[in-house]
Amino acid sequence: MTEQLDAGVVARQIKESDVLGGPGGGREVGRARRRKEDARLVTGRSQWTDNIQLPGMLYVAFLRSPMAHARITRVDTSVARTQPGVVAVFSGQDFAAEQGSLPCAWPVSEDIVIPDHPPMAVSEVRYVGEAVACVVATDRYKAADALDAIEIDYEPLDAVTDMTAALDEGSPKVHEAGNKAFTWTFAQGDIEAAFRDAAVRVERTFVQQRLIPSAMEPRAVVAQTDGDAFTLHSATQIPHILRVMLALTTGIPEHKLRVVAPDVGGGFGSKLQVTAEEVLCLLITRRLGKPVKWTESRSEGNLTVHHGRDQLQRISVAADADGRIRGVKVDLLADMGAYLMLVTPGVPLLGAFMYSGIYKMDAYDFTCTGVFTTKMPTDAYRGAGRPEATFAIERIVDELAAELGMDPIELRRRNWIQHTEFPYTTVCGLTYDSGNYEAATERALALFGYDKLRAEQADRREREDPVQLGIGVSTYTEMCGLAPSRVLGSLSYGAGGWEHASVRVLPTGKVEVVTGTSPHGQGHETAWSQIVADALGVPFEDVAVLHGDTSSSHKGMDTYGSRSLVVGGVAVVQACEKVKEKAKQVAAHLMEASPDDVEFTRGEFRVRGTGTSRTIQEIALATFAAHDLPDGFEPRLDADATFDPDNFSFPHGTHLCAVEVDTETGATRIRSYVAVDDVGNVVNPLIVEGQVHGGIAQGIAQALFEEAVHDADGNLLTTTMADYLLPSAADLPAYTTDRTETPATTNPLGVKGVGEAGTIASTPAVVNAVVDALRPYGVRDVPMPCTPERVWRALGQARTPQSTDGGLS
Amino acid sequence: MIPASFDYVRASSLDEALETLSEHGEEAKVLAGGQSLLPLLRLRLAYPGTLVDLGRVEELRGVADRGDHVLIGAMTTHYEVATSPVVREHCPLVALATATVADPAVRHRGTFGGSLAHADPAGDLPAVARALDMEFVARSPEGERVIPAADFFLDYLETALDPGEILTGIRVPKLGPGWGFHYEKFHRTAQAWAIVGVAAAVRRSGGAVEEARVALTNMGPVPVRATGVEQAVRGADLGANGALRAAAERADEDADPPSDLHARPDYRRHLARVLTHRALVAAAGAA
């Protein structure tokens, strides 16, 4: 199969050589190094926020609104104050003068409504779980116990739980200004002509159910002060952004505020936030002068960690009779929840440019309306906007294939960008720098045994087997490496997208890398060490990576949007280049040669054509001693770099999923799953493999398992893991993974990012497979998650003659 | 979540446990493996004043062959039950169902008696107890009494045990030769409760069903014995197409299925019929 691929594209899996030596012969980049950080993480010798203990520490517990929408008419904390161990009790009124409003950094339109968002509700609550008071006590248990003694009277107001109904004229209002936050539109080409002239038009409405991010480590905050300056430890993805935002929100000067993200146990976007609890813990510490800690419980987290997805997508596609796609129209409602948090309104925009997927077309039309409801705000969740877009386009392409009676792979072939056409500017105006959809798809089809499975499917259909086989396709791409500052600016985002790195060379030749990215499970310490080892020719073991502390890493844009390697990793490379250039000056001086005659390989500076050489470690020591440096040479090899790429990166791949659907019970079993991803060059195949596995699991979770459910009064019903079903390893199949490598042309590493790819790709592959299995019965959609009951009802509805929709709304 | 405060007593003998229970009356709650009680405490759905921990009461642990029945100590863990050679030989249905309880961590902590005394109709063991007509041995300061499974489960999370009484063991009758067994569990994830479960025992003679016992998990506030199916399946010709399926159609006759996030009642009824058929086929095939 490999021989058929385009030159320069190599399909490969992790091999023995990757672990032992690396394919490039002793190079670190490309080697499946075990992760440096794992020994301390898995042996519990790591520093999580919750295991920080400080002298005199107090514990905070929050009382949370039991109502989705109500006016607070009376608060009495007097009894709670007298409870054992209680040091202080605060309500929203106590903070009203100083708490400010939680920030929204992405005002997507001129006329966007950004409601005031007090960290602690003062006069009105707008979702169940909103903080209304807190107890500060000498231990966590006493704090929790005293919550019961706080008295609050509420005057109930109408809950607003349905996005569509929320836009009706007579709907109760979440905020004075109404329930519409914004409408954002984007159009390219003549969409009317595309639809008018098309032979086939398919329209579907897909529901992106609300999801609850479940990081392994719950959120936790520790705030402390020395009376003048403040330190905030938080289980956050964004210590740098958080510092700026907290300074702006609380008025604590930026230079008096240190933010630390110690080891952080996962985030998936849920810790890309400036949370009420972070602000409030700072305020409490400022008030009391004592260190305080808050750690959420899992059920508290389900209520109040920002939620993800929750969009209603009306999408239509127009195509010629031969399957050529002419245009795509998208009309989106996006549930903001009760407030706009850090990037809430921007999430659908991150998807806005991805609804054309990998396909060529003449016209595109996109409208998105952000809607307020009385629910926990939504915000970034693994993929943020792009999983939604990819789901819609990949689902409707399968629907179009069914409409045309065409194989879904064949339909995609007729429409996708050919590998010879890169760089390609899509109808959405993005320039995809590189890719090879043919190669990834060919590889996936071969690994999957596509033809054989199609034959089995035909046989089962023929036999009317109660267990039907479905095959789902997802040929995805995504835009990530969230960066180009100019582009982010043009989309009204409040910050840039550059990333910073400092490389410090210590006297003994060991290297410290300070990165502005903030890992929370991704393995930056390992990957950055590999990059530096190659760039400076030092051993992998000689590199330490510092991160997540604004006092040691003063500049950074943190970790989200699969940006760390693509932006931050490149900054590391650039800083290393500067170090090398300086070291070369010193080496040339010491060897009494011209720098032009000095070459550098594998950590050694050598005078061309002679046997004279110096190691980088020798240069490090000589620079430290500074006894004999070139005239005017600043005695340091250290260097900084800040990288701001010109473009996003565009990983892509082909995921194929085979499911067995039991038409009697509605149960879906994933029988096989093949993922061939192209994330460009790979620094560490083991880490990539881990990201792909976890990503697929999270995408399958949306397809089959997870859903945040509210009742009509706005109560969240899925507050525990008994009700909000996270699949475990036991519920997921073994994946067959492989890669093609088409280097990115937009950065010197040729990397594209992998953090979100699996999640973006897998959800449509699974749902397409479920629907494919049921298509002979007339089913055209099953809403997510495709639970056994939903599948059963979809079958029942499709069998009922009056049903036209097939799905269950 | 964080539980409200409670007192904790670790009993070292059954008598000490009984004494502590009677001392504290209805305020006290018995702690076995804690797999159901601790979540209730943490969610503050239960506020017992005192927990009486039976974890160190050795006399309540273990499996014994008692001739016509097997006695399973209330504090025997699911793992111990599922892997017990005595249980596997004489009560295979118990071993099969116990092996499906939650996940390995829960099976190593959770206990057979604790699970039954908790009487969650979504738990896997109550239906098995009904299908096999287990007997529940309970001790109080007044002495010992034996409660048949049919009288044990009174309502959702409610049993015939008195507040001062402790379940000490469960007698599982040996059904003798010729029986086949199956526990058909339908759930969305490996760790989730059964949406519906079917415990089936079938004795066949030649190509026909002689006798069957069928009970349902999570089809009402208490485990449901599907007597309609048991009657209908008696004498069913295993060679005849559809005989078992027809009998299984009566599975939900006496059910009162709950409605929750995972299934509404009509779907549960449908599942009960489908799964009962599958359980009968499997149990008859294994006989």
# chains A, B, ... in the order shown; residues from 1 in each chain; ligands from 1
$ interface_residues --of "chain B" --to "chain A" --cutoff "7 Å" --atoms "only C-alpha atoms" --output "ChimeraX atom specification"
/B:1-2,4,189-190,192,263,267,271
$ atom_distance --atom1 "CA of Leu211 in chain A" --atom2 "CA of Pro115 in chain A"
23.3 Å
$ select_by_dssp --residues "range 47-144 of chain A" --states "strand (DSSP E or B)" --output "CSV table (one decimal) with N, CA and C atoms, in the first residue's frame"
chain,number,residue,atom,x,y,z
A,58,LEU,N,-7.3,28.0,55.3
A,58,LEU,CA,-8.7,27.9,55.5
A,58,LEU,C,-9.3,27.3,54.3
A,59,TYR,N,-10.5,26.7,54.5
A,59,TYR,CA,-11.2,26.0,53.4
A,59,TYR,C,-12.5,26.7,53.0
A,60,VAL,N,-12.7,26.7,51.7
A,60,VAL,CA,-13.9,27.4,51.2
A,60,VAL,C,-14.9,26.4,50.7
A,61,ALA,N,-16.1,26.6,51.0
A,61,ALA,CA,-17.2,25.8,50.4
A,61,ALA,C,-18.2,26.8,49.9
A,62,PHE,N,-18.7,26.5,48.7
A,62,PHE,CA,-19.7,27.4,48.1
A,62,PHE,C,-21.1,26.9,48.2
A,63,LEU,N,-22.0,27.8,48.6
A,63,LEU,CA,-23.4,27.4,48.5
A,63,LEU,C,-23.9,27.8,47.1
A,64,ARG,N,-24.6,26.9,46.5
A,64,ARG,CA,-25.0,27.1,45.1
A,64,ARG,C,-26.5,27.2,44.9
A,70,ALA,N,-34.0,32.9,39.5
A,70,ALA,CA,-34.7,33.4,40.7
A,70,ALA,C,-34.1,34.8,41.1
A,71,ARG,N,-34.9,35.5,41.8
A,71,ARG,CA,-34.4,36.7,42.5
A,71,ARG,C,-34.0,36.4,43.9
A,72,ILE,N,-32.9,36.9,44.3
A,72,ILE,CA,-32.5,36.6,45.7
A,72,ILE,C,-33.2,37.7,46.6
A,73,THR,N,-34.1,37.3,47.5
A,73,THR,CA,-34.8,38.4,48.2
A,73,THR,C,-34.3,38.5,49.6
A,74,ARG,N,-33.6,37.5,50.2
A,74,ARG,CA,-33.1,37.6,51.5
A,74,ARG,C,-31.9,36.7,51.7
A,75,VAL,N,-30.9,37.1,52.4
A,75,VAL,CA,-29.8,36.3,52.7
A,75,VAL,C,-29.5,36.5,54.2
A,76,ASP,N,-29.4,35.4,54.9
A,76,ASP,CA,-29.1,35.5,56.3
A,76,ASP,C,-28.0,34.5,56.6
A,86,VAL,N,-16.2,27.8,61.8
A,86,VAL,CA,-16.5,28.8,60.7
A,86,VAL,C,-15.7,30.1,61.0
A,87,VAL,N,-15.0,30.5,60.1
A,87,VAL,CA,-14.2,31.8,60.2
A,87,VAL,C,-15.0,32.9,59.6
A,88,ALA,N,-15.6,32.7,58.5
A,88,ALA,CA,-16.3,33.8,57.8
A,88,ALA,C,-17.4,33.2,56.9
A,89,VAL,N,-18.4,34.0,56.7
A,89,VAL,CA,-19.4,33.6,55.7
A,89,VAL,C,-19.7,34.8,54.8
A,90,PHE,N,-19.7,34.6,53.5
A,90,PHE,CA,-19.9,35.8,52.6
A,90,PHE,C,-21.0,35.5,51.7
A,91,SER,N,-21.8,36.5,51.3
A,91,SER,CA,-22.7,36.4,50.3
A,91,SER,C,-22.3,37.3,49.2
A,124,GLU,N,-29.7,38.2,41.6
A,124,GLU,CA,-30.4,37.2,40.7
A,124,GLU,C,-29.5,36.1,40.4
A,125,VAL,N,-30.1,34.9,40.4
A,125,VAL,CA,-29.4,33.7,39.9
A,125,VAL,C,-29.9,33.3,38.6
A,131,ALA,N,-22.9,30.3,42.3
A,131,ALA,CA,-22.5,30.5,43.7
A,131,ALA,C,-23.3,31.7,44.2
A,132,VAL,N,-23.9,31.5,45.4
A,132,VAL,CA,-24.6,32.5,46.1
A,132,VAL,C,-24.1,32.9,47.4
A,133,ALA,N,-23.3,32.1,48.0
A,133,ALA,CA,-22.6,32.4,49.3
A,133,ALA,C,-21.5,31.4,49.5
A,134,CYS,N,-20.7,31.7,50.5
A,134,CYS,CA,-19.6,30.7,50.8
A,134,CYS,C,-19.3,30.7,52.3
A,135,VAL,N,-18.8,29.6,52.7
A,135,VAL,CA,-18.3,29.5,54.1
A,135,VAL,C,-16.8,29.3,54.0
A,136,VAL,N,-16.1,30.0,54.9
A,136,VAL,CA,-14.7,29.8,55.1
A,136,VAL,C,-14.5,29.2,56.5
A,137,ALA,N,-13.9,28.0,56.5
A,137,ALA,CA,-13.8,27.4,57.8
A,137,ALA,C,-12.4,26.7,58.0
$ select_by_dssp --residues "range 672-791 of chain A" --states "alpha helix (DSSP H)" --output "PyMOL selection string"
chain A and resi 685-700+757-774+788-791
$ closest_residue --among "B:Asp151, B:Asp65, B:Asp254, B:Glu210" --to "Glu135 in chain B" --atoms "only C-alpha atoms"
B:Asp151
$ residues_around --residues "Val146 in chain B" --least-positions-apart "2" --cutoff "9 Å" --atoms "only C-alpha atoms" --output "ChimeraX atom specification"
/B:135-139,144,148
$ write_last_selection --atoms "N, CA and C atoms" --output "tab-separated table (two decimals), in the first residue's frame"
chain	number	residue	atom	x	y	z
B	135	GLU	N	-32.90	-17.78	50.86
B	135	GLU	CA	-33.44	-17.45	52.18
B	135	GLU	C	-32.46	-16.56	52.92
B	136	PHE	N	-32.99	-15.58	53.61
B	136	PHE	CA	-32.17	-14.58	54.28
B	136	PHE	C	-32.14	-14.85	55.77
B	137	VAL	N	-30.94	-15.07	56.30
B	137	VAL	CA	-30.79	-15.35	57.72
B	137	VAL	C	-30.45	-14.04	58.44
B	138	ALA	N	-31.30	-13.67	59.37
B	138	ALA	CA	-31.11	-12.40	60.07
B	138	ALA	C	-31.00	-12.64	61.57
B	139	ARG	N	-30.12	-11.85	62.20
B	139	ARG	CA	-29.96	-11.97	63.65
B	139	ARG	C	-30.31	-10.66	64.31
B	144	GLU	N	-32.42	-15.51	65.97
B	144	GLU	CA	-32.26	-15.63	64.52
B	144	GLU	C	-33.61	-15.91	63.86
B	148	PRO	N	-37.81	-15.75	53.66
B	148	PRO	CA	-37.75	-16.18	52.25
B	148	PRO	C	-37.63	-14.96	51.33
$ residues_around --residues "Ala64 in chain B" --least-positions-apart "3" --cutoff "12 Å" --atoms "only C-alpha atoms" --output "JSON, numbers by chain"
{"B": [59, 60, 61, 67, 68, 69, 70, 71, 72, 73, 74, 76, 81, 84, 85, 86, 87, 90, 91, 169, 170, 171, 172]}
$ closest_residue --among "A:Glu706, A:Glu203, A:Glu581, A:Asp596" --to "Glu403 in chain A" --atoms "only C-alpha atoms"
A:Glu203
$ residues_around --residues "range 22-36 of chain B" --least-positions-apart "3" --cutoff "8 Å" --atoms "only C-alpha atoms" --output "mmCIF file with all heavy atoms, in the first residue's frame"
data_model
loop_
_atom_site.group_PDB
_atom_site.id
_atom_site.type_symbol
_atom_site.label_atom_id
_atom_site.label_comp_id
_atom_site.auth_asym_id
_atom_site.auth_seq_id
_atom_site.Cartn_x
_atom_site.Cartn_y
_atom_site.Cartn_z
ATOM 1 N N LEU B 18 -24.514 -6.034 67.026
ATOM 2 C CA LEU B 18 -25.941 -6.016 67.389
ATOM 3 C C LEU B 18 -26.182 -5.111 68.590
ATOM 4 O O LEU B 18 -27.160 -4.355 68.634
ATOM 5 C CB LEU B 18 -26.413 -7.441 67.701
ATOM 6 C CG LEU B 18 -26.599 -8.354 66.483
ATOM 7 C CD1 LEU B 18 -26.755 -9.811 66.909
ATOM 8 C CD2 LEU B 18 -27.804 -7.901 65.655
ATOM 9 N N GLU B 19 -25.249 -5.193 69.526
ATOM 10 C CA GLU B 19 -25.361 -4.375 70.737
ATOM 11 C C GLU B 19 -25.306 -2.880 70.379
ATOM 12 O O GLU B 19 -26.115 -2.087 70.838
ATOM 13 C CB GLU B 19 -24.186 -4.729 71.647
ATOM 14 C CG GLU B 19 -24.394 -4.413 73.105
ATOM 15 C CD GLU B 19 -23.215 -4.966 73.907
ATOM 16 O OE1 GLU B 19 -23.003 -6.207 73.869
ATOM 17 O OE2 GLU B 19 -22.498 -4.144 74.507
ATOM 18 N N PRO B 39 -21.724 6.392 48.754
ATOM 19 C CA PRO B 39 -22.235 7.419 47.840
ATOM 20 C C PRO B 39 -23.467 8.144 48.395
ATOM 21 O O PRO B 39 -23.601 9.358 48.228
ATOM 22 C CB PRO B 39 -22.593 6.621 46.577
ATOM 23 C CG PRO B 39 -21.688 5.439 46.622
ATOM 24 C CD PRO B 39 -21.537 5.106 48.082
ATOM 25 N N LEU B 40 -24.342 7.411 49.080
ATOM 26 C CA LEU B 40 -25.515 8.070 49.650
ATOM 27 C C LEU B 40 -25.111 9.094 50.719
ATOM 28 O O LEU B 40 -25.693 10.168 50.813
ATOM 29 C CB LEU B 40 -26.471 7.039 50.273
ATOM 30 C CG LEU B 40 -27.190 6.104 49.301
ATOM 31 C CD1 LEU B 40 -28.083 5.138 50.064
ATOM 32 C CD2 LEU B 40 -28.027 6.913 48.307
ATOM 33 N N PRO B 48 -27.018 9.132 58.647
ATOM 34 C CA PRO B 48 -27.021 8.301 59.856
ATOM 35 C C PRO B 48 -26.162 8.940 60.948
ATOM 36 O O PRO B 48 -25.170 9.603 60.656
ATOM 37 C CB PRO B 48 -26.407 6.974 59.378
ATOM 38 C CG PRO B 48 -25.597 7.329 58.192
ATOM 39 C CD PRO B 48 -26.229 8.533 57.560
ATOM 40 N N GLY B 49 -26.582 8.740 62.201
ATOM 41 C CA GLY B 49 -25.800 9.277 63.303
ATOM 42 C C GLY B 49 -24.571 8.420 63.579
ATOM 43 O O GLY B 49 -23.519 8.916 63.944
ATOM 44 N N THR B 50 -24.737 7.107 63.383
ATOM 45 C CA THR B 50 -23.648 6.179 63.674
ATOM 46 C C THR B 50 -23.555 5.121 62.569
ATOM 47 O O THR B 50 -24.577 4.593 62.135
ATOM 48 C CB THR B 50 -23.899 5.446 65.013
ATOM 49 O OG1 THR B 50 -24.058 6.422 66.035
ATOM 50 C CG2 THR B 50 -22.738 4.527 65.367
ATOM 51 N N LEU B 51 -22.331 4.852 62.159
ATOM 52 C CA LEU B 51 -22.116 3.742 61.232
ATOM 53 C C LEU B 51 -21.505 2.585 62.006
ATOM 54 O O LEU B 51 -20.523 2.769 62.729
ATOM 55 C CB LEU B 51 -21.156 4.136 60.111
ATOM 56 C CG LEU B 51 -21.681 5.026 58.996
ATOM 57 C CD1 LEU B 51 -20.661 5.063 57.848
ATOM 58 C CD2 LEU B 51 -23.026 4.552 58.470
ATOM 59 N N VAL B 52 -22.102 1.414 61.858
ATOM 60 C CA VAL B 52 -21.551 0.221 62.496
ATOM 61 C C VAL B 52 -20.895 -0.617 61.396
ATOM 62 O O VAL B 52 -21.576 -1.194 60.546
ATOM 63 C CB VAL B 52 -22.656 -0.586 63.205
ATOM 64 C CG1 VAL B 52 -22.049 -1.767 63.932
ATOM 65 C CG2 VAL B 52 -23.422 0.307 64.168
ATOM 66 N N ASP B 53 -19.578 -0.620 61.422
ATOM 67 C CA ASP B 53 -18.814 -1.257 60.350
ATOM 68 C C ASP B 53 -18.639 -2.751 60.638
ATOM 69 O O ASP B 53 -18.089 -3.132 61.679
ATOM 70 C CB ASP B 53 -17.444 -0.566 60.247
ATOM 71 C CG ASP B 53 -16.627 -1.061 59.066
ATOM 72 O OD1 ASP B 53 -17.072 -2.017 58.394
ATOM 73 O OD2 ASP B 53 -15.551 -0.482 58.807
ATOM 74 N N LEU B 54 -19.097 -3.571 59.704
ATOM 75 C CA LEU B 54 -18.982 -5.026 59.886
ATOM 76 C C LEU B 54 -17.726 -5.600 59.229
ATOM 77 O O LEU B 54 -17.538 -6.815 59.191
ATOM 78 C CB LEU B 54 -20.208 -5.730 59.280
ATOM 79 C CG LEU B 54 -21.583 -5.340 59.847
ATOM 80 C CD1 LEU B 54 -22.673 -6.160 59.161
ATOM 81 C CD2 LEU B 54 -21.639 -5.554 61.351
ATOM 82 N N GLY B 55 -16.890 -4.713 58.713
ATOM 83 C CA GLY B 55 -15.728 -5.139 57.933
ATOM 84 C C GLY B 55 -14.810 -6.117 58.647
ATOM 85 O O GLY B 55 -14.152 -6.938 58.000
ATOM 86 N N MET B 75 -20.985 -10.877 54.568
ATOM 87 C CA MET B 75 -19.846 -9.999 54.297
ATOM 88 C C MET B 75 -18.862 -10.580 53.280
ATOM 89 O O MET B 75 -17.760 -10.066 53.114
ATOM 90 C CB MET B 75 -19.113 -9.680 55.606
ATOM 91 C CG MET B 75 -19.890 -8.742 56.530
ATOM 92 S SD MET B 75 -20.166 -7.113 55.803
ATOM 93 C CE MET B 75 -18.493 -6.486 55.796
ATOM 94 N N THR B 77 -17.273 -10.914 49.841
ATOM 95 C CA THR B 77 -17.268 -9.948 48.727
ATOM 96 C C THR B 77 -17.775 -10.600 47.442
ATOM 97 O O THR B 77 -17.745 -11.819 47.294
ATOM 98 C CB THR B 77 -15.854 -9.394 48.458
ATOM 99 O OG1 THR B 77 -15.024 -10.469 48.004
ATOM 100 C CG2 THR B 77 -15.248 -8.765 49.701
ATOM 101 N N VAL B 106 -15.212 -2.468 42.678
ATOM 102 C CA VAL B 106 -16.444 -2.621 43.467
ATOM 103 C C VAL B 106 -16.613 -4.075 43.897
ATOM 104 O O VAL B 106 -17.014 -4.355 45.033
ATOM 105 C CB VAL B 106 -17.673 -2.153 42.648
ATOM 106 C CG1 VAL B 106 -18.972 -2.535 43.351
ATOM 107 C CG2 VAL B 106 -17.612 -0.647 42.422
ATOM 108 N N ARG B 109 -14.675 -4.874 46.975
ATOM 109 C CA ARG B 109 -15.087 -4.186 48.204
ATOM 110 C C ARG B 109 -16.524 -4.540 48.584
ATOM 111 O O ARG B 109 -16.844 -4.753 49.748
ATOM 112 C CB ARG B 109 -15.012 -2.670 47.988
ATOM 113 C CG ARG B 109 -13.622 -2.127 48.022
ATOM 114 C CD ARG B 109 -13.436 -1.333 49.297
ATOM 115 N NE ARG B 109 -12.058 -0.907 49.452
ATOM 116 C CZ ARG B 109 -11.464 -0.771 50.626
ATOM 117 N NH1 ARG B 109 -12.119 -1.047 51.736
ATOM 118 N NH2 ARG B 109 -10.221 -0.367 50.703
ATOM 119 N N GLY B 110 -17.374 -4.510 47.577
ATOM 120 C CA GLY B 110 -18.805 -4.713 47.831
ATOM 121 C C GLY B 110 -19.080 -6.135 48.286
ATOM 122 O O GLY B 110 -18.368 -7.070 47.924
ATOM 123 N N THR B 111 -20.124 -6.274 49.107
ATOM 124 C CA THR B 111 -20.423 -7.592 49.659
ATOM 125 C C THR B 111 -21.762 -8.110 49.158
ATOM 126 O O THR B 111 -22.669 -7.349 48.814
ATOM 127 C CB THR B 111 -20.470 -7.542 51.193
ATOM 128 O OG1 THR B 111 -21.545 -6.682 51.590
ATOM 129 C CG2 THR B 111 -19.145 -7.023 51.764
ATOM 130 N N GLY B 113 -24.075 -9.756 50.927
ATOM 131 C CA GLY B 113 -25.168 -9.403 51.829
ATOM 132 C C GLY B 113 -25.496 -7.922 51.799
ATOM 133 O O GLY B 113 -26.660 -7.523 51.849
ATOM 134 N N GLY B 114 -24.460 -7.103 51.684
ATOM 135 C CA GLY B 114 -24.677 -5.661 51.646
ATOM 136 C C GLY B 114 -25.516 -5.264 50.451
ATOM 137 O O GLY B 114 -26.448 -4.461 50.557
ATOM 138 N N SER B 115 -25.193 -5.852 49.328
ATOM 139 C CA SER B 115 -25.919 -5.539 48.107
ATOM 140 C C SER B 115 -27.387 -5.949 48.222
ATOM 141 O O SER B 115 -28.295 -5.203 47.845
ATOM 142 C CB SER B 115 -25.245 -6.262 46.941
ATOM 143 O OG SER B 115 -25.924 -5.988 45.757
ATOM 144 N N HIS B 118 -29.257 -3.755 50.743
ATOM 145 C CA HIS B 118 -29.495 -2.424 50.195
ATOM 146 C C HIS B 118 -30.766 -2.429 49.327
ATOM 147 O O HIS B 118 -31.478 -1.446 49.238
ATOM 148 C CB HIS B 118 -28.278 -1.986 49.391
ATOM 149 C CG HIS B 118 -28.380 -0.602 48.849
ATOM 150 N ND1 HIS B 118 -28.567 0.502 49.650
ATOM 151 C CD2 HIS B 118 -28.326 -0.132 47.575
ATOM 152 C CE1 HIS B 118 -28.621 1.585 48.893
ATOM 153 N NE2 HIS B 118 -28.482 1.229 47.638
ATOM 154 N N PRO B 163 -34.799 -2.575 62.084
ATOM 155 C CA PRO B 163 -33.648 -1.687 62.332
ATOM 156 C C PRO B 163 -32.576 -2.333 63.215
ATOM 157 O O PRO B 163 -31.400 -2.129 62.985
ATOM 158 C CB PRO B 163 -34.279 -0.485 63.051
ATOM 159 C CG PRO B 163 -35.693 -0.474 62.607
ATOM 160 C CD PRO B 163 -36.080 -1.898 62.375
ATOM 161 N N GLY B 164 -32.963 -3.133 64.163
ATOM 162 C CA GLY B 164 -31.968 -3.729 65.060
ATOM 163 C C GLY B 164 -31.398 -5.050 64.553
ATOM 164 O O GLY B 164 -30.645 -5.726 65.244
ATOM 165 N N ILE B 166 -29.457 -7.697 61.807
ATOM 166 C CA ILE B 166 -28.353 -7.742 60.843
ATOM 167 C C ILE B 166 -28.487 -9.002 59.992
ATOM 168 O O ILE B 166 -28.719 -10.101 60.520
ATOM 169 C CB ILE B 166 -26.988 -7.739 61.573
ATOM 170 C CG1 ILE B 166 -26.740 -6.353 62.209
ATOM 171 C CG2 ILE B 166 -25.844 -8.089 60.613
ATOM 172 C CD1 ILE B 166 -25.460 -6.280 63.016
#
$ atom_distance --atom1 "CA of Asp638 in chain A" --atom2 "CA of Val579 in chain A"
6.0 Å
$ residues_around --residues "Arg268 in chain B" --least-positions-apart "3" --cutoff "9 Å" --atoms "only C-alpha atoms" --output "tab-separated table (two decimals) with N, CA and C atoms, in the first residue's frame"
chain	number	residue	atom	x	y	z
A	789	GLU	N	-31.99	3.16	23.72
A	789	GLU	CA	-33.40	3.57	23.65
A	789	GLU	C	-33.66	4.45	22.43
B	195	ILE	N	-30.11	-1.61	33.01
B	195	ILE	CA	-31.39	-0.98	32.63
B	195	ILE	C	-32.48	-2.03	32.85
B	196	VAL	N	-32.18	-3.24	32.40
B	196	VAL	CA	-33.01	-4.42	32.70
B	196	VAL	C	-32.05	-5.60	32.80
B	218	ASN	N	-34.60	-4.47	37.91
B	218	ASN	CA	-34.94	-3.09	37.55
B	218	ASN	C	-36.22	-2.96	36.73
B	219	MET	N	-37.17	-3.82	37.00
B	219	MET	CA	-38.47	-3.72	36.33
B	219	MET	C	-39.58	-3.36	37.32
B	252	ASP	N	-43.09	-9.06	31.11
B	252	ASP	CA	-43.34	-7.81	31.84
B	252	ASP	C	-44.74	-7.75	32.43
B	257	PRO	N	-42.19	-0.99	35.62
B	257	PRO	CA	-40.83	-0.46	35.37
B	257	PRO	C	-40.72	1.03	35.65
B	258	PRO	N	-39.58	1.44	36.16
B	258	PRO	CA	-39.34	2.86	36.42
B	258	PRO	C	-39.03	3.62	35.13
B	259	SER	N	-39.10	4.92	35.23
B	259	SER	CA	-38.72	5.78	34.12
B	259	SER	C	-37.52	6.60	34.58
B	263	ALA	N	-33.93	4.88	30.34
B	263	ALA	CA	-35.00	4.13	29.69
B	263	ALA	C	-36.36	4.55	30.25
B	264	ARG	N	-37.30	4.69	29.34
B	264	ARG	CA	-38.67	4.92	29.77
B	264	ARG	C	-39.37	3.57	29.86
B	265	PRO	N	-40.51	3.52	30.55
B	265	PRO	CA	-41.12	2.22	30.86
B	265	PRO	C	-41.44	1.35	29.64
B	271	LEU	N	-37.58	-4.39	26.38
B	271	LEU	CA	-36.31	-5.04	26.68
B	271	LEU	C	-36.51	-6.30	27.52
B	272	ALA	N	-37.41	-6.22	28.50
B	272	ALA	CA	-37.64	-7.37	29.38
B	272	ALA	C	-38.05	-8.59	28.54
B	273	ARG	N	-38.88	-8.35	27.55
B	273	ARG	CA	-39.35	-9.48	26.71
B	273	ARG	C	-38.20	-10.02	25.86
$ atom_distance --atom1 "CA of Val791 in chain A" --atom2 "CA of Lys375 in chain A"
27.4 Å
$ closest_residue --among "B:Thr98, B:Thr168, B:Ser5, B:Gln231" --to "Glu184 in chain B" --atoms "only C-alpha atoms"
B:Thr98
$ closest_residue --among "A:Glu756, A:Asp772, A:Glu98, A:Asp190" --to "Arg461 in chain A" --atoms "only C-alpha atoms"
A:Asp772
$ residues_around --residues "Ile325 in chain A" --least-positions-apart "3" --cutoff "6 Å" --atoms "only C-alpha atoms" --output "short mmCIF file (atom, residue, chain, number, x, y, z; two decimals) with N, CA, C and O atoms, in the first residue's frame"
data_model
loop_
_atom_site.label_atom_id
_atom_site.label_comp_id
_atom_site.auth_asym_id
_atom_site.auth_seq_id
_atom_site.Cartn_x
_atom_site.Cartn_y
_atom_site.Cartn_z
N ALA A 318 -25.97 21.36 -1.35
CA ALA A 318 -26.48 21.28 -2.72
C ALA A 318 -25.40 20.63 -3.58
O ALA A 318 -24.22 20.92 -3.42
N ALA A 319 -25.83 19.69 -4.45
CA ALA A 319 -24.85 18.98 -5.26
C ALA A 319 -25.41 18.69 -6.65
O ALA A 319 -26.63 18.63 -6.85
N MET A 361 -16.03 23.60 -3.09
CA MET A 361 -17.40 24.00 -3.43
C MET A 361 -17.41 25.46 -3.85
O MET A 361 -16.43 26.18 -3.63
#
